[in-house]
file my_file_4.cif (mmCIF, C-alpha atoms)
data_data
loop_
_atom_site.label_atom_id
_atom_site.label_comp_id
_atom_site.auth_asym_id
_atom_site.auth_seq_id
_atom_site.Cartn_x
_atom_site.Cartn_y
_atom_site.Cartn_z
CA MET F 1 155.30 135.46 188.48
CA ALA F 2 158.14 135.09 185.97
CA ILE F 3 159.88 131.75 185.59
CA ASN F 4 163.40 131.07 184.40
CA ALA F 5 164.69 129.11 181.40
CA ASP F 6 165.11 125.80 183.33
CA GLN F 7 161.59 125.97 184.68
CA ALA F 8 160.27 126.95 181.24
CA HIS F 9 162.05 123.98 179.67
CA TYR F 10 160.51 121.61 182.21
CA LEU F 11 156.98 123.02 182.01
CA PHE F 12 156.69 123.71 178.30
CA ASN F 13 159.00 121.13 176.68
CA VAL F 14 159.03 118.19 179.10
CA MET F 15 155.50 118.50 180.50
CA ARG F 16 154.20 120.16 177.28
CA LEU F 17 152.02 122.65 179.10
CA ALA F 18 150.46 125.35 176.96
CA ARG F 19 148.86 128.70 177.78
CA GLY F 20 145.97 128.26 180.19
CA ALA F 21 147.28 124.96 181.64
CA PRO F 22 147.06 124.63 185.44
CA VAL F 23 150.23 124.27 187.54
CA ALA F 24 150.67 123.53 191.26
CA LEU F 25 153.29 125.77 192.88
CA PHE F 26 155.07 125.67 196.24
CA ASN F 27 158.01 127.57 197.65
CA GLY F 28 158.44 126.13 201.16
CA ARG F 29 156.81 129.18 202.80
CA ASP F 30 153.30 129.80 201.43
CA GLY F 31 151.78 126.34 200.99
CA GLU F 32 150.61 125.10 197.61
CA TRP F 33 148.99 127.37 195.03
CA ARG F 34 147.13 126.75 191.83
CA ALA F 35 148.49 128.84 188.99
CA GLU F 36 147.88 129.09 185.27
CA VAL F 37 150.32 129.45 182.40
CA ALA F 38 149.85 133.00 181.05
CA GLU F 39 152.89 133.10 178.78
CA ALA F 40 154.97 130.14 177.56
CA GLY F 41 158.30 130.97 175.93
CA LYS F 42 161.55 129.16 175.21
CA ARG F 43 163.57 131.11 177.75
CA GLY F 44 160.93 131.82 180.35
CA GLY F 45 157.29 132.38 180.93
CA ILE F 46 154.70 133.87 183.23
CA LEU F 47 152.44 132.03 185.65
CA ILE F 48 149.46 133.71 187.29
CA CYS F 49 148.72 132.51 190.83
CA ASP F 50 145.05 131.76 191.23
CA ARG F 51 144.34 130.43 194.73
CA GLN F 52 145.96 128.55 197.60
CA THR F 53 145.14 124.84 197.36
CA ALA F 54 147.01 123.50 200.42
CA PRO F 55 148.45 125.05 203.56
CA LEU F 56 152.19 124.93 204.27
CA ARG F 57 152.92 121.52 205.73
CA LEU F 58 156.33 121.49 207.37
CA PRO F 59 157.78 118.08 208.25
CA PRO F 60 158.69 117.43 211.91
CA ASN F 61 162.01 118.78 213.18
CA LEU F 62 163.87 115.64 212.16
CA TRP F 63 167.28 115.50 210.51
CA LEU F 64 168.77 112.55 208.71
CA ALA F 65 172.56 112.28 208.89
CA PHE F 66 174.14 109.46 206.89
CA ALA F 67 177.50 108.39 205.52
CA PRO F 68 177.18 108.58 201.72
CA ILE F 69 177.54 105.33 199.85
CA LYS F 70 177.41 104.43 196.17
CA LYS F 71 175.83 107.10 193.99
CA ALA F 72 172.53 105.35 193.25
CA ARG F 73 172.00 104.44 196.91
CA THR F 74 172.86 107.96 198.09
CA ASP F 75 170.34 109.40 195.62
CA PHE F 76 167.87 106.89 196.91
CA ILE F 77 168.39 107.89 200.55
CA VAL F 78 167.80 111.57 199.71
CA GLU F 79 164.62 110.72 197.79
CA LYS F 80 163.28 108.50 200.57
CA ALA F 81 164.17 110.93 203.36
CA THR F 82 162.21 113.61 201.54
CA GLU F 83 159.17 111.38 201.04
CA LEU F 84 159.30 110.25 204.65
CA GLY F 85 159.43 113.80 205.95
CA ALA F 86 162.95 114.69 207.07
CA ALA F 87 163.45 118.45 207.45
CA ARG F 88 167.20 118.37 206.81
CA ILE F 89 169.54 115.86 205.19
CA ILE F 90 173.21 115.85 206.19
CA PRO F 91 175.77 113.64 204.43
CA VAL F 92 178.50 112.97 207.01
CA GLN F 93 182.07 111.90 206.43
CA THR F 94 183.15 109.13 208.77
CA ARG F 95 186.37 107.14 209.06
CA HIS F 96 184.99 104.42 206.78
CA THR F 97 183.01 106.65 204.40
CA ASN F 98 183.97 105.95 200.80
CA ALA F 99 182.96 109.33 199.43
CA GLU F 100 185.46 112.20 199.62
CA ARG F 101 182.96 114.67 198.25
CA ILE F 102 179.35 114.75 197.13
CA ARG F 103 177.42 116.73 194.55
CA GLN F 104 175.34 118.79 196.96
CA ASP F 105 173.53 120.56 194.11
CA ARG F 106 172.52 117.26 192.52
CA LEU F 107 171.28 115.86 195.82
CA GLN F 108 169.33 119.05 196.52
CA ALA F 109 167.70 118.74 193.08
CA HIS F 110 166.75 115.14 193.95
CA ALA F 111 165.10 116.32 197.15
CA LEU F 112 163.13 118.94 195.21
CA GLU F 113 161.94 116.37 192.69
CA ALA F 114 160.92 113.95 195.46
CA ALA F 115 159.00 116.72 197.24
CA GLU F 116 157.11 117.46 194.04
CA GLN F 117 156.32 113.76 193.58
CA CYS F 118 154.98 113.25 197.07
CA GLY F 119 152.87 116.39 197.31
CA ALA F 120 155.04 118.02 199.95
CA THR F 121 154.97 121.80 200.22
CA ALA F 122 158.48 122.09 201.65
CA VAL F 123 161.84 120.71 200.54
CA PRO F 124 164.47 119.46 203.00
CA GLU F 125 167.78 121.30 202.90
CA VAL F 126 170.64 119.03 201.85
CA SER F 127 173.93 120.03 203.49
CA ASP F 128 177.36 119.64 201.98
CA LEU F 129 179.50 116.73 203.17
CA THR F 130 180.20 117.37 206.87
CA PRO F 131 182.87 115.60 208.96
CA LEU F 132 181.22 113.48 211.67
CA ASP F 133 183.04 115.34 214.41
CA LYS F 134 181.83 118.71 213.16
CA PHE F 135 178.28 117.37 212.85
CA LEU F 136 178.30 116.09 216.43
CA THR F 137 179.84 119.28 217.81
CA SER F 138 177.25 121.42 216.05
CA LEU F 139 174.24 119.46 217.37
CA GLU F 140 172.09 121.54 219.71
CA PRO F 141 172.13 120.04 223.23
CA ASP F 142 168.37 119.45 223.08
CA ARG F 143 168.43 117.57 219.77
CA LYS F 144 168.27 113.84 220.45
CA LEU F 145 170.27 111.50 218.26
CA MET F 146 168.80 108.16 217.16
CA TRP F 147 171.85 106.08 216.40
CA CYS F 148 171.21 102.92 214.42
CA ASP F 149 173.83 100.87 216.21
CA GLU F 150 174.87 97.56 214.67
CA ALA F 151 175.99 96.37 218.09
CA MET F 152 172.32 96.26 219.08
CA ILE F 153 171.19 93.89 216.31
CA GLY F 154 168.56 91.54 217.67
CA GLN F 155 167.30 93.90 220.34
CA ALA F 156 163.93 95.60 220.07
CA PRO F 157 163.91 99.12 218.67
CA ALA F 158 163.25 101.57 221.49
CA LEU F 159 162.10 105.09 220.79
CA SER F 160 160.16 107.22 223.18
CA GLY F 161 159.67 110.80 224.20
CA PRO F 162 157.28 113.63 223.48
CA ARG F 163 156.14 114.33 219.92
CA GLY F 164 157.43 117.61 218.54
CA ALA F 165 160.93 117.21 220.01
CA LYS F 166 164.05 117.84 217.91
CA TRP F 167 165.74 114.67 216.70
CA ALA F 168 168.39 113.52 214.27
CA ILE F 169 168.85 110.01 212.89
CA LEU F 170 172.43 108.84 212.31
CA ILE F 171 173.17 106.02 209.83
CA GLY F 172 176.74 104.73 209.57
CA PRO F 173 178.73 103.65 206.52
CA GLU F 174 178.74 100.10 205.14
CA GLY F 175 181.89 99.32 207.15
CA GLY F 176 180.34 100.63 210.37
CA PHE F 177 181.74 103.29 212.66
CA SER F 178 185.36 103.01 213.84
CA ALA F 179 186.07 102.16 217.47
CA ASP F 180 186.98 105.81 218.18
CA GLU F 181 183.78 107.03 216.59
CA GLN F 182 181.68 104.53 218.53
CA GLN F 183 183.29 105.64 221.77
CA ARG F 184 182.59 109.28 220.93
CA LEU F 185 178.95 108.48 220.11
CA ARG F 186 178.35 106.49 223.29
CA LYS F 187 179.54 109.44 225.38
CA LEU F 188 177.10 111.94 223.86
CA PRO F 189 174.46 112.90 226.42
CA GLN F 190 171.67 113.03 223.82
CA ILE F 191 172.42 109.64 222.22
CA HIS F 192 169.70 106.98 221.78
CA PRO F 193 171.23 103.77 220.39
CA THR F 194 168.52 101.89 218.52
CA ALA F 195 168.25 98.44 216.98
CA LEU F 196 166.58 97.76 213.65
CA GLY F 197 165.61 94.10 213.94
CA PRO F 198 167.58 90.87 213.84
CA ARG F 199 168.95 91.09 210.28
CA ILE F 200 171.87 93.19 209.07
CA LEU F 201 170.45 96.02 206.94
CA ARG F 202 172.19 97.88 204.18
CA ALA F 203 172.72 101.56 204.96
CA ASP F 204 169.93 102.68 202.62
CA THR F 205 167.45 100.18 204.06
CA ALA F 206 168.42 101.25 207.58
CA ALA F 207 167.74 104.89 206.68
CA VAL F 208 164.23 104.17 205.40
CA ALA F 209 163.41 101.83 208.30
CA ALA F 210 164.68 104.33 210.89
CA LEU F 211 162.72 107.22 209.36
CA THR F 212 159.56 105.05 209.33
CA LEU F 213 159.96 103.97 212.96
CA TRP F 214 160.62 107.53 214.06
CA GLN F 215 157.66 109.02 212.19
CA GLN F 216 155.40 106.32 213.57
CA ALA F 217 156.60 106.65 217.18
CA LEU F 218 157.38 110.37 217.47
CA GLY F 219 156.59 112.13 214.21
CA ASP F 220 153.57 113.12 212.16
CA TRP F 221 152.25 109.66 211.29
CA ALA F 222 149.87 109.57 214.20
CA MET Y 1 180.01 68.98 198.77
CA ALA Y 2 180.53 69.66 195.06
CA ILE Y 3 179.79 73.09 193.66
CA ASN Y 4 178.83 74.00 190.11
CA ALA Y 5 180.56 76.21 187.54
CA ASP Y 6 178.62 79.40 188.48
CA GLN Y 7 179.43 78.99 192.14
CA ALA Y 8 183.06 78.18 191.32
CA HIS Y 9 183.31 81.31 189.20
CA TYR Y 10 181.96 83.44 192.04
CA LEU Y 11 184.09 81.90 194.78
CA PHE Y 12 187.38 81.44 192.95
CA ASN Y 13 187.40 84.24 190.34
CA VAL Y 14 185.26 87.01 191.84
CA MET Y 15 186.02 86.43 195.54
CA ARG Y 16 189.49 84.95 194.76
CA LEU Y 17 189.23 82.24 197.38
CA ALA Y 18 191.97 79.61 197.33
CA ARG Y 19 192.27 76.14 198.85
CA GLY Y 20 191.80 76.30 202.61
CA ALA Y 21 189.77 79.54 202.54
CA PRO Y 22 186.70 79.63 204.81
CA VAL Y 23 183.19 79.98 203.33
CA ALA Y 24 179.83 80.51 205.04
CA LEU Y 25 177.10 78.29 203.56
CA PHE Y 26 173.32 78.24 203.90
CA ASN Y 27 170.58 76.37 202.09
CA GLY Y 28 167.37 77.58 203.74
CA ARG Y 29 167.03 74.37 205.80
CA ASP Y 30 170.10 73.70 207.92
CA GLY Y 31 171.18 77.12 209.19
CA GLU Y 32 174.62 78.52 208.41
CA TRP Y 33 177.73 76.36 208.20
CA ARG Y 34 181.40 77.09 208.07
CA ALA Y 35 183.09 75.25 205.23
CA GLU Y 36 186.54 75.22 203.71
CA VAL Y 37 187.62 75.16 200.09
CA ALA Y 38 189.11 71.69 199.47
CA GLU Y 39 189.34 71.89 195.69
CA ALA Y 40 189.13 75.00 193.52
CA GLY Y 41 188.71 74.42 189.78
CA LYS Y 42 187.48 76.42 186.80
CA ARG Y 43 184.32 74.40 186.35
CA GLY Y 44 183.60 73.39 189.91
CA GLY Y 45 185.13 72.64 193.25
CA ILE Y 46 184.66 70.89 196.55
CA LEU Y 47 183.83 72.47 199.89
CA ILE Y 48 184.15 70.54 203.13
CA CYS Y 49 181.54 71.48 205.77
CA ASP Y 50 183.18 72.05 209.12
CA ARG Y 51 180.61 73.10 211.71
CA GLN Y 52 177.27 74.88 212.06
CA THR Y 53 177.82 78.56 212.87
CA ALA Y 54 174.20 79.77 213.06
CA PRO Y 55 170.84 78.10 213.47
CA LEU Y 56 168.19 78.32 210.75
CA ARG Y 57 166.45 81.65 211.19
CA LEU Y 58 163.20 81.72 209.27
CA PRO Y 59 161.54 85.10 208.79
CA PRO Y 60 157.99 85.54 210.11
CA ASN Y 61 155.13 84.20 207.96
CA LEU Y 62 154.82 87.48 206.06
CA TRP Y 63 154.29 87.86 202.33
CA LEU Y 64 154.86 90.98 200.30
CA ALA Y 65 152.59 91.38 197.27
CA PHE Y 66 153.28 94.38 195.06
CA ALA Y 67 152.52 95.67 191.57
CA PRO Y 68 155.86 95.73 189.73
CA ILE Y 69 157.10 99.12 188.63
CA LYS Y 70 160.19 100.26 186.75
CA LYS Y 71 162.99 97.69 186.70
CA ALA Y 72 165.37 99.36 189.14
CA ARG Y 73 162.60 100.00 191.66
CA THR Y 74 161.26 96.44 191.35
CA ASP Y 75 164.76 95.07 191.99
CA PHE Y 76 164.97 97.40 194.92
CA ILE Y 77 161.69 96.17 196.43
CA VAL Y 78 162.85 92.54 196.20
CA GLU Y 79 166.18 93.40 197.86
CA LYS Y 80 164.54 95.37 200.65
CA ALA Y 81 161.80 92.79 201.28
CA THR Y 82 164.50 90.17 201.73
CA GLU Y 83 166.53 92.32 204.13
CA LEU Y 84 163.40 93.20 206.09
CA GLY Y 85 162.38 89.57 206.45
CA ALA Y 86 159.55 88.73 204.09
CA ALA Y 87 159.07 84.99 203.61
CA ARG Y 88 157.52 85.24 200.15
CA ILE Y 89 157.48 87.95 197.49
CA ILE Y 90 154.60 88.03 194.99
CA PRO Y 91 154.57 90.45 192.05
CA VAL Y 92 150.89 91.04 191.24
CA GLN Y 93 149.35 92.28 188.05
CA THR Y 94 146.70 94.93 188.61
CA ARG Y 95 144.61 97.00 186.24
CA HIS Y 96 147.18 99.82 186.31
CA THR Y 97 150.32 97.68 186.50
CA ASN Y 98 152.77 98.69 183.78
CA ALA Y 99 154.58 95.35 183.63
CA GLU Y 100 153.17 92.60 181.46
CA ARG Y 101 155.77 90.13 182.60
CA ILE Y 102 158.71 89.98 184.97
CA ARG Y 103 161.98 88.12 185.00
CA GLN Y 104 161.21 85.81 187.93
CA ASP Y 105 164.66 84.18 187.73
CA ARG Y 106 166.42 87.54 187.94
CA LEU Y 107 164.31 88.67 190.89
CA GLN Y 108 164.93 85.36 192.66
CA ALA Y 109 168.68 85.86 192.14
CA HIS Y 110 168.36 89.34 193.66
CA ALA Y 111 166.65 87.87 196.71
CA LEU Y 112 169.45 85.32 197.10
CA GLU Y 113 172.11 88.02 196.88
CA ALA Y 114 170.29 90.19 199.41
CA ALA Y 115 169.96 87.24 201.79
CA GLU Y 116 173.72 86.64 201.57
CA GLN Y 117 174.39 90.35 202.23
CA CYS Y 118 172.22 90.58 205.31
CA GLY Y 119 173.31 87.36 206.96
CA ALA Y 120 169.97 85.60 206.49
CA THR Y 121 169.93 81.82 206.43
CA ALA Y 122 166.79 81.58 204.28
CA VAL Y 123 165.80 83.14 200.96
CA PRO Y 124 162.25 84.32 200.24
CA GLU Y 125 160.56 82.61 197.31
CA VAL Y 126 159.77 85.06 194.50
CA SER Y 127 156.62 84.07 192.61
CA ASP Y 128 155.94 84.69 188.96
CA LEU Y 129 153.66 87.59 188.04
CA THR Y 130 150.21 86.73 189.45
CA PRO Y 131 146.94 88.46 188.52
CA LEU Y 132 145.52 90.32 191.51
CA ASP Y 133 142.31 88.35 191.39
CA LYS Y 134 144.14 85.02 191.48
CA PHE Y 135 146.31 86.25 194.34
CA LEU Y 136 143.28 87.28 196.40
CA THR Y 137 141.39 84.06 195.66
CA SER Y 138 144.37 81.95 196.71
CA LEU Y 139 144.87 83.71 200.07
CA GLU Y 140 144.20 81.39 203.00
CA PRO Y 141 141.20 82.66 205.03
CA ASP Y 142 143.39 83.09 208.10
CA ARG Y 143 146.04 85.21 206.35
CA LYS Y 144 145.41 88.87 207.11
CA LEU Y 145 146.04 91.44 204.41
CA MET Y 146 147.66 94.77 205.26
CA TRP Y 147 146.53 97.02 202.43
CA CYS Y 148 148.41 100.29 202.10
CA ASP Y 149 145.41 102.30 201.05
CA GLU Y 150 145.98 105.74 199.56
CA ALA Y 151 142.46 106.75 200.60
CA MET Y 152 143.69 106.64 204.20
CA ILE Y 153 146.51 109.16 203.78
CA GLY Y 154 146.79 111.32 206.88
CA GLN Y 155 145.34 108.75 209.24
CA ALA Y 156 147.49 106.93 211.77
CA PRO Y 157 148.81 103.52 210.77
CA ALA Y 158 146.91 100.84 212.70
CA LEU Y 159 148.26 97.34 213.04
CA SER Y 160 147.43 94.99 215.83
CA GLY Y 161 146.99 91.34 216.54
CA PRO Y 162 149.02 88.48 217.93
CA ARG Y 163 152.62 88.00 216.86
CA GLY Y 164 153.16 84.85 214.81
CA ALA Y 165 149.99 85.28 212.73
CA LYS Y 166 150.02 84.91 208.95
CA TRP Y 167 149.98 88.20 207.08
CA ALA Y 168 150.49 89.62 203.62
CA ILE Y 169 151.25 93.23 202.72
CA LEU Y 170 149.71 94.56 199.50
CA ILE Y 171 151.24 97.57 197.71
CA GLY Y 172 149.45 99.00 194.68
CA PRO Y 173 150.84 100.37 191.43
CA GLU Y 174 151.85 104.02 190.92
CA GLY Y 175 148.42 104.77 189.47
CA GLY Y 176 146.63 103.19 192.43
CA PHE Y 177 144.06 100.41 192.34
CA SER Y 178 141.05 100.76 190.00
CA ALA Y 179 137.61 101.39 191.48
CA ASP Y 180 136.65 97.73 190.88
CA GLU Y 181 139.79 96.50 192.56
CA GLN Y 182 139.25 98.78 195.54
CA GLN Y 183 135.71 97.51 195.93
CA ARG Y 184 136.92 93.93 195.79
CA LEU Y 185 139.60 94.63 198.41
CA ARG Y 186 137.21 96.38 200.81
CA LYS Y 187 134.92 93.33 200.78
CA LEU Y 188 137.63 90.87 201.80
CA PRO Y 189 137.01 89.63 205.34
CA GLN Y 190 140.72 89.57 206.21
CA ILE Y 191 141.50 93.09 204.93
CA HIS Y 192 143.28 95.67 207.13
CA PRO Y 193 143.46 99.02 205.31
CA THR Y 194 146.47 100.92 206.66
CA ALA Y 195 147.76 104.46 206.29
CA LEU Y 196 151.43 105.31 205.88
CA GLY Y 197 151.60 108.88 207.09
CA PRO Y 198 150.47 112.19 205.62
CA ARG Y 199 152.67 112.27 202.50
CA ILE Y 200 152.13 110.35 199.25
CA LEU Y 201 154.80 107.64 199.07
CA ARG Y 202 156.19 106.05 195.95
CA ALA Y 203 155.38 102.34 195.71
CA ASP Y 204 158.92 101.28 196.66
CA THR Y 205 159.00 103.58 199.69
CA ALA Y 206 155.58 102.31 200.75
CA ALA Y 207 156.84 98.71 200.56
CA VAL Y 208 159.82 99.39 202.83
CA ALA Y 209 157.79 101.50 205.27
CA ALA Y 210 155.02 98.87 205.48
CA LEU Y 211 157.50 96.04 206.06
CA THR Y 212 159.18 98.07 208.82
CA LEU Y 213 155.91 98.91 210.56
CA TRP Y 214 154.75 95.31 210.38
CA GLN Y 215 158.02 93.85 211.69
CA GLN Y 216 158.01 96.36 214.53
CA ALA Y 217 154.36 95.83 215.50
CA LEU Y 218 153.83 92.13 214.76
CA GLY Y 219 157.04 90.57 213.48
CA ASP Y 220 160.45 89.61 214.81
CA TRP Y 221 161.80 93.08 215.66
CA ALA Y 222 160.67 92.90 219.25
#

call {"tool": "encode", "arguments": {"input": "my_file_4.cif", "output": "structure tokens"}}
result
Amino acid sequence: MAINADQAHYLFNVMRLARGAPVALFNGRDGEWRAEVAEAGKRGGILICDRQTAPLRLPPNLWLAFAPIKKARTDFIVEKATELGAARIIPVQTRHTNAERIRQDRLQAHALEAAEQCGATAVPEVSDLTPLDKFLTSLEPDRKLMWCDEAMIGQAPALSGPRGAKWAILIGPEGGFSADEQQRLRKLPQIHPTALGPRILRADTAAVAALTLWQQALGDWA
Amino acid sequence: MAINADQAHYLFNVMRLARGAPVALFNGRDGEWRAEVAEAGKRGGILICDRQTAPLRLPPNLWLAFAPIKKARTDFIVEKATELGAARIIPVQTRHTNAERIRQDRLQAHALEAAEQCGATAVPEVSDLTPLDKFLTSLEPDRKLMWCDEAMIGQAPALSGPRGAKWAILIGPEGGFSADEQQRLRKLPQIHPTALGPRILRADTAAVAALTLWQQALGDWA
């Protein structure tokens, strides 16, 4: 297969791979393959696929929706969600969200890099910034929503149901959800308000903790 | 009570508090108190304690030991361990640890800041960099050790035992533990090797995931 200039730069300049060097490839459909550098040029190159080394491992049908925060912490959430096996990542705009827009392409590149790091064979899709209302309206009726609700601080986290079900995790902004938004959320038939321990967590910590709890209780950690 | 120049700078310049402004105070022994600014000066000030607003909430007897990694990720681990309720944070030096030394004072300041952010009334003690061997030798015999063992990837996390027991979580460096170190760990009577799902996690992700699992299974999240 031919590779483009960006990929060539990464493989041949950054990683300093030469002809004959082995490379692990994945495309989100065919699992992981071992390939070899056949041609290494400045503006491209050719890799020859040798054999499949891992099957396609799709993460569970779990989405992470979160209100973007400061740049470094938003990057962090995307990286962690990828490592912890979210299938889709949706930045949502809430009343108290600071961000007016996000760099979807940059976040998607972060997810790709994290997938490479953690040996995943699929990359979660990062959506563009989506208004909370639109996100809630577009949720399939059978997708449950784990809402990390600050009003429940101190209560035990409760998550149950069959493995393999469709879920989304919703993490609010630093200032919390507005009263209107909270009311809207409480009325959703598929809502599961969940506590995350007795201490107030930052939004990025809450995202990682919620993903961990979900994977352990309902996902592919068992 | 009198406050020093650093505290005065933070309260009166950064937070712009004036005489009569309310302040929440904690010292790790007496819970949280409401106080009022009685005198605000450039090099100090006086706060008058009014009433206790929260009892002392000590985290469970859980330590987090981890091999320090890049600066930003080490800071991050200290912040998250504080939010997630570790009582002590111990950077350990392993065969493949990159850091030769750490800035204990800076990490301790991070822990303090994180405790303030998350409404804790106690701050975990951050130790200086400790060789792994010394850390293991100094462990009390009744302190169990949750070892996030990369060899167990793909297995289900297993944590059980009575709540209230003494535990430590051990997170290895990016390069993993050496063969000698692994052998030493496997021989420890109090060792509990634990898996963290099917994907390879970065050290900082593993720390947050392990703290979450422990708090949920054995700590104060229930």

call {"tool": "resolve_selection", "arguments": {"input": "my_file_4.cif", "expression": "the PyMOL selection byres ((chain Y and resi 113) around 12)", "output": "list in words"}}
result
Tyr10, Asp75, Phe76, Val78, Glu79, Lys80, Thr82, Glu83, Arg106, Leu107, Gln108, Ala109, His110, Ala111, Leu112, Ala114, Ala115, Glu116, Gln117, Cys118, Gly119, Ala120, Thr121, Ala122, Val123 and Pro124 of chain Y

call {"tool": "residues_around", "arguments": {"input": "my_file_4.cif", "residues": "stretch 162-171 of chain F", "least_positions_apart": "3", "cutoff": "6 Å", "atoms": "only C-alpha atoms", "output": "compact mmCIF listing (two decimals) with C-alpha atoms, in the coordinates of the input"}}
result
# COMPACT_ATOMS: atom_id res chain seq x y z
CA ASN F 61 162.01 118.78 213.18
CA LEU F 62 163.87 115.64 212.16
CA TRP F 63 167.28 115.50 210.51
CA LEU F 64 168.77 112.55 208.71
CA ALA F 65 172.56 112.28 208.89
CA PHE F 66 174.14 109.46 206.89
CA ARG F 143 168.43 117.57 219.77
CA LYS F 144 168.27 113.84 220.45
CA LEU F 145 170.27 111.50 218.26
CA MET F 146 168.80 108.16 217.16
CA TRP F 147 171.85 106.08 216.40
CA CYS F 148 171.21 102.92 214.42
CA LEU F 218 157.38 110.37 217.47

call {"tool": "closest_atom_pairs", "arguments": {"input": "my_file_4.cif", "of": "chain F", "to": "chain Y", "cutoff": "9 Å", "atoms": "only C-alpha atoms", "output": "JSON lines"}}
result
{"residue": "F:Lys80", "atom": "CA", "partner": "Y:Thr205", "partner_atom": "CA", "distance": 6.6}
{"residue": "F:Glu83", "atom": "CA", "partner": "Y:Leu201", "partner_atom": "CA", "distance": 6.1}
{"residue": "F:Leu84", "atom": "CA", "partner": "Y:Arg199", "partner_atom": "CA", "distance": 7.3}
{"residue": "F:Gly85", "atom": "CA", "partner": "Y:Arg199", "partner_atom": "CA", "distance": 7.7}
{"residue": "F:Gln117", "atom": "CA", "partner": "Y:Ile200", "partner_atom": "CA", "distance": 7.8}
{"residue": "F:Cys118", "atom": "CA", "partner": "Y:Ile200", "partner_atom": "CA", "distance": 4.6}
{"residue": "F:Gly119", "atom": "CA", "partner": "Y:Ile200", "partner_atom": "CA", "distance": 6.4}
{"residue": "F:Ala120", "atom": "CA", "partner": "Y:Arg199", "partner_atom": "CA", "distance": 6.7}
{"residue": "F:Gly154", "atom": "CA", "partner": "Y:Trp221", "partner_atom": "CA", "distance": 7.2}
{"residue": "F:Gln155", "atom": "CA", "partner": "Y:Ala222", "partner_atom": "CA", "distance": 6.8}
{"residue": "F:Ala156", "atom": "CA", "partner": "Y:Ala222", "partner_atom": "CA", "distance": 4.3}
{"residue": "F:Pro157", "atom": "CA", "partner": "Y:Ala222", "partner_atom": "CA", "distance": 7.0}
{"residue": "F:Ala195", "atom": "CA", "partner": "Y:Trp221", "partner_atom": "CA", "distance": 8.5}
{"residue": "F:Leu196", "atom": "CA", "partner": "Y:Trp221", "partner_atom": "CA", "distance": 7.0}
{"residue": "F:Gly197", "atom": "CA", "partner": "Y:Trp221", "partner_atom": "CA", "distance": 4.3}
{"residue": "F:Pro198", "atom": "CA", "partner": "Y:Trp221", "partner_atom": "CA", "distance": 6.5}
{"residue": "F:Arg199", "atom": "CA", "partner": "Y:Cys118", "partner_atom": "CA", "distance": 6.0}
{"residue": "F:Ile200", "atom": "CA", "partner": "Y:Cys118", "partner_atom": "CA", "distance": 4.6}
{"residue": "F:Leu201", "atom": "CA", "partner": "Y:Cys118", "partner_atom": "CA", "distance": 5.9}
{"residue": "F:Arg202", "atom": "CA", "partner": "Y:Cys118", "partner_atom": "CA", "distance": 7.4}
{"residue": "F:Thr205", "atom": "CA", "partner": "Y:Lys80", "partner_atom": "CA", "distance": 6.6}
{"residue": "F:Val208", "atom": "CA", "partner": "Y:Ala209", "partner_atom": "CA", "distance": 7.0}
{"residue": "F:Ala209", "atom": "CA", "partner": "Y:Thr212", "partner_atom": "CA", "distance": 5.7}
{"residue": "F:Ala210", "atom": "CA", "partner": "Y:Thr212", "partner_atom": "CA", "distance": 8.6}
{"residue": "F:Leu211", "atom": "CA", "partner": "Y:Ala209", "partner_atom": "CA", "distance": 8.6}
{"residue": "F:Thr212", "atom": "CA", "partner": "Y:Ala209", "partner_atom": "CA", "distance": 5.7}
{"residue": "F:Leu213", "atom": "CA", "partner": "Y:Leu213", "partner_atom": "CA", "distance": 6.9}
{"residue": "F:Gln215", "atom": "CA", "partner": "Y:Gly197", "partner_atom": "CA", "distance": 7.9}
{"residue": "F:Gln216", "atom": "CA", "partner": "Y:Pro157", "partner_atom": "CA", "distance": 7.7}
{"residue": "F:Asp220", "atom": "CA", "partner": "Y:Gly197", "partner_atom": "CA", "distance": 6.9}
{"residue": "F:Trp221", "atom": "CA", "partner": "Y:Gly197", "partner_atom": "CA", "distance": 4.3}
{"residue": "F:Ala222", "atom": "CA", "partner": "Y:Ala156", "partner_atom": "CA", "distance": 4.3}

call {"tool": "closest_residue", "arguments": {"input": "my_file_4.cif", "among": "F:Pro193, F:Pro22, F:Gly41, F:Pro68", "to": "F:Gly175", "atoms": "all atoms listed in the file"}}
result
F:Pro68

call {"tool": "atom_distance", "arguments": {"input": "my_file_4.cif", "atom1": "atom CA of Y:Asp50", "atom2": "atom CA of Y:Trp33"}}
result
7.0 Å

call {"tool": "atom_distance", "arguments": {"input": "my_file_4.cif", "atom1": "atom CA of Y:Arg186", "atom2": "atom CA of Y:Gln104"}}
result
29.2 Å

call {"tool": "residues_around", "arguments": {"input": "my_file_4.cif", "residues": "F:Ile46", "least_positions_apart": "4", "cutoff": "8 Å", "atoms": "only C-alpha atoms", "output": "PyMOL selection string"}}
result
chain F and resi 1-3+37-40

call {"tool": "atom_distance", "arguments": {"input": "my_file_4.cif", "atom1": "atom CA of Y:Leu136", "atom2": "atom CA of Y:Glu150"}}
result
18.9 Å

call {"tool": "residues_near_point", "arguments": {"input": "my_file_4.cif", "point": "(178.9, 114.9, 207.3)", "cutoff": "8 Å", "atoms": "all atoms listed in the file", "output": "list in words"}}
result
Ala65, Phe66, Ala67, Ile90, Pro91, Val92, Gln93, Thr94, Asp128, Leu129, Thr130, Pro131, Leu132, Lys134 and Phe135 of chain F

call {"tool": "closest_residue", "arguments": {"input": "my_file_4.cif", "among": "Y:Leu185, Y:Gly176, Y:Arg16, Y:Thr53", "to": "Y:Arg34", "atoms": "all atoms listed in the file"}}
result
Y:Thr53
